[in-house]
Amino acid sequence: MDPAHIRRVDRSFTENEYAVLVAHFLRLVHPLNSFVIPKQDYVAYDGKNLGEEQELINIVQDYVKAGFPKEYAELQTLMQIPEQEKVTDTVGKIHWAVSEYQIKKWRKTIFNLHYS
């Protein structure tokens, strides 16, 4: 491997720096901290990014917590994520389709409901 592509730190991490590094790494790659959503081209809904909707995140977290309570509690501690209040806003109706025409039609309807 080319040594020029390896990032090195010329000192030891403090305990806090190491914990933050581990937390960021786990947030990025741990399978209990991720879920699959349809490609944005196949979704129409009243929002910007379905994967960042707090209500959907809460639903997935609750599902994972129920299936893996011990593992998720440990992961939450390692990722340094505090308990959060549940969001009461709803995402609203989500339209899924593989038809580009149908998605454009639904997006136009959603847009017209808000801006007409």
# chains A, B, ... in the order shown; residues from 1 in each chain; ligands from 1
>>> select_by_dssp(residues="chain A", states="strand (DSSP E or B)", output="number ranges by chain")
A: 43-44, 95-96
>>> write_last_selection(atoms="C-alpha atoms", output="PDB file, in the first residue's frame")
ATOM      1  CA  VAL A  43     -40.297   7.841  -3.707  1.00  0.00           C
ATOM      2  CA  ALA A  44     -42.710  10.761  -3.577  1.00  0.00           C
ATOM      3  CA  HIS A  95     -45.679   6.850  -2.423  1.00  0.00           C
ATOM      4  CA  TRP A  96     -43.394   4.115  -3.777  1.00  0.00           C
TER       5      TRP A  96
END
>>> residues_around(residues="Ile81 (chain A)", least_positions_apart="2", cutoff="12 Å", atoms="only C-alpha atoms", output="number ranges by chain")
A: 20, 23-24, 26-27, 33, 72-79, 83-84
>>> select_by_dssp(residues="chain A", states="helix (DSSP H, G or I)", output="PDB file with C-alpha atoms, in the first residue's frame")
ATOM      1  CA  PRO A   3       2.250   5.136   2.517  1.00  0.00           C
ATOM      2  CA  ALA A   4       1.157   8.535   1.183  1.00  0.00           C
ATOM      3  CA  HIS A   5      -2.491   7.417   1.449  1.00  0.00           C
ATOM      4  CA  GLU A  15      -9.427   8.708  26.245  1.00  0.00           C
ATOM      5  CA  ASN A  16     -12.124  11.186  25.160  1.00  0.00           C
ATOM      6  CA  GLU A  17     -10.723  11.539  21.614  1.00  0.00           C
ATOM      7  CA  TYR A  18     -10.630   7.761  21.254  1.00  0.00           C
ATOM      8  CA  ALA A  19     -14.233   7.431  22.500  1.00  0.00           C
ATOM      9  CA  VAL A  20     -15.401  10.086  20.023  1.00  0.00           C
ATOM     10  CA  LEU A  21     -13.545   8.343  17.181  1.00  0.00           C
ATOM     11  CA  VAL A  22     -15.187   5.021  18.060  1.00  0.00           C
ATOM     12  CA  ALA A  23     -18.602   6.712  18.326  1.00  0.00           C
ATOM     13  CA  HIS A  24     -18.307   8.293  14.863  1.00  0.00           C
ATOM     14  CA  PHE A  25     -17.063   5.046  13.328  1.00  0.00           C
ATOM     15  CA  LEU A  26     -19.925   3.011  14.803  1.00  0.00           C
ATOM     16  CA  ARG A  27     -22.515   5.581  13.724  1.00  0.00           C
ATOM     17  CA  LEU A  28     -21.201   5.227  10.191  1.00  0.00           C
ATOM     18  CA  VAL A  29     -20.806   1.460   9.804  1.00  0.00           C
ATOM     19  CA  PRO A  31     -25.573  -2.484  10.920  1.00  0.00           C
ATOM     20  CA  LEU A  32     -27.882  -1.802  13.892  1.00  0.00           C
ATOM     21  CA  ASN A  33     -27.524   1.915  13.144  1.00  0.00           C
ATOM     22  CA  GLN A  40     -35.135   8.887  -3.998  1.00  0.00           C
ATOM     23  CA  ASP A  41     -36.106   8.528  -7.664  1.00  0.00           C
ATOM     24  CA  TYR A  42     -38.738   5.950  -6.622  1.00  0.00           C
ATOM     25  CA  LEU A  50     -36.876  10.099   3.806  1.00  0.00           C
ATOM     26  CA  GLY A  51     -33.865   8.561   5.574  1.00  0.00           C
ATOM     27  CA  GLU A  52     -33.533  11.596   7.839  1.00  0.00           C
ATOM     28  CA  GLN A  54     -37.052  11.474  12.773  1.00  0.00           C
ATOM     29  CA  GLU A  55     -40.356   9.620  12.948  1.00  0.00           C
ATOM     30  CA  LEU A  56     -39.054   6.908  10.618  1.00  0.00           C
ATOM     31  CA  ILE A  57     -35.754   6.743  12.527  1.00  0.00           C
ATOM     32  CA  ASN A  58     -37.707   6.307  15.793  1.00  0.00           C
ATOM     33  CA  ILE A  59     -39.762   3.470  14.303  1.00  0.00           C
ATOM     34  CA  VAL A  60     -36.630   1.652  13.130  1.00  0.00           C
ATOM     35  CA  GLN A  61     -34.854   2.234  16.461  1.00  0.00           C
ATOM     36  CA  ASP A  62     -37.839   0.864  18.399  1.00  0.00           C
ATOM     37  CA  TYR A  63     -37.876  -2.218  16.177  1.00  0.00           C
ATOM     38  CA  VAL A  64     -34.130  -2.812  16.643  1.00  0.00           C
ATOM     39  CA  LYS A  65     -34.356  -2.194  20.407  1.00  0.00           C
ATOM     40  CA  ALA A  66     -37.125  -4.802  20.690  1.00  0.00           C
ATOM     41  CA  GLY A  67     -35.118  -7.410  18.779  1.00  0.00           C
ATOM     42  CA  PRO A  69     -32.205  -4.817  23.556  1.00  0.00           C
ATOM     43  CA  LYS A  70     -28.842  -5.593  25.168  1.00  0.00           C
ATOM     44  CA  GLU A  71     -26.801  -5.012  22.003  1.00  0.00           C
ATOM     45  CA  TYR A  72     -28.619  -1.781  21.151  1.00  0.00           C
ATOM     46  CA  ALA A  73     -28.184  -0.370  24.670  1.00  0.00           C
ATOM     47  CA  GLU A  74     -24.440  -1.067  24.495  1.00  0.00           C
ATOM     48  CA  LEU A  75     -24.234   0.427  21.005  1.00  0.00           C
ATOM     49  CA  GLN A  76     -26.109   3.549  22.071  1.00  0.00           C
ATOM     50  CA  THR A  77     -23.607   4.051  24.902  1.00  0.00           C
ATOM     51  CA  LEU A  78     -20.612   3.530  22.614  1.00  0.00           C
ATOM     52  CA  GLU A 100     -40.819   7.505 -13.198  1.00  0.00           C
ATOM     53  CA  TYR A 101     -44.057   8.838 -14.686  1.00  0.00           C
ATOM     54  CA  GLN A 102     -46.086   7.855 -11.600  1.00  0.00           C
ATOM     55  CA  ILE A 103     -43.541   9.390  -9.187  1.00  0.00           C
ATOM     56  CA  LYS A 104     -43.533  12.693 -11.139  1.00  0.00           C
ATOM     57  CA  LYS A 105     -47.337  12.702 -11.087  1.00  0.00           C
ATOM     58  CA  TRP A 106     -47.429  12.181  -7.289  1.00  0.00           C
ATOM     59  CA  ARG A 107     -44.746  14.836  -6.698  1.00  0.00           C
ATOM     60  CA  LYS A 108     -46.741  17.310  -8.782  1.00  0.00           C
ATOM     61  CA  THR A 109     -49.868  16.549  -6.726  1.00  0.00           C
ATOM     62  CA  ILE A 110     -47.947  17.014  -3.442  1.00  0.00           C
ATOM     63  CA  PHE A 111     -46.444  20.289  -4.707  1.00  0.00           C
ATOM     64  CA  ASN A 112     -49.841  21.606  -5.821  1.00  0.00           C
ATOM     65  CA  LEU A 113     -51.384  20.816  -2.431  1.00  0.00           C
ATOM     66  CA  HIS A 114     -48.798  23.008  -0.706  1.00  0.00           C
ATOM     67  CA  TYR A 115     -48.286  25.840  -3.156  1.00  0.00           C
TER      68      TYR A 115
END
>>> atom_distance(atom1="CA of Gly92 (chain A)", atom2="CA of Asp46 (chain A)")
6.9 Å
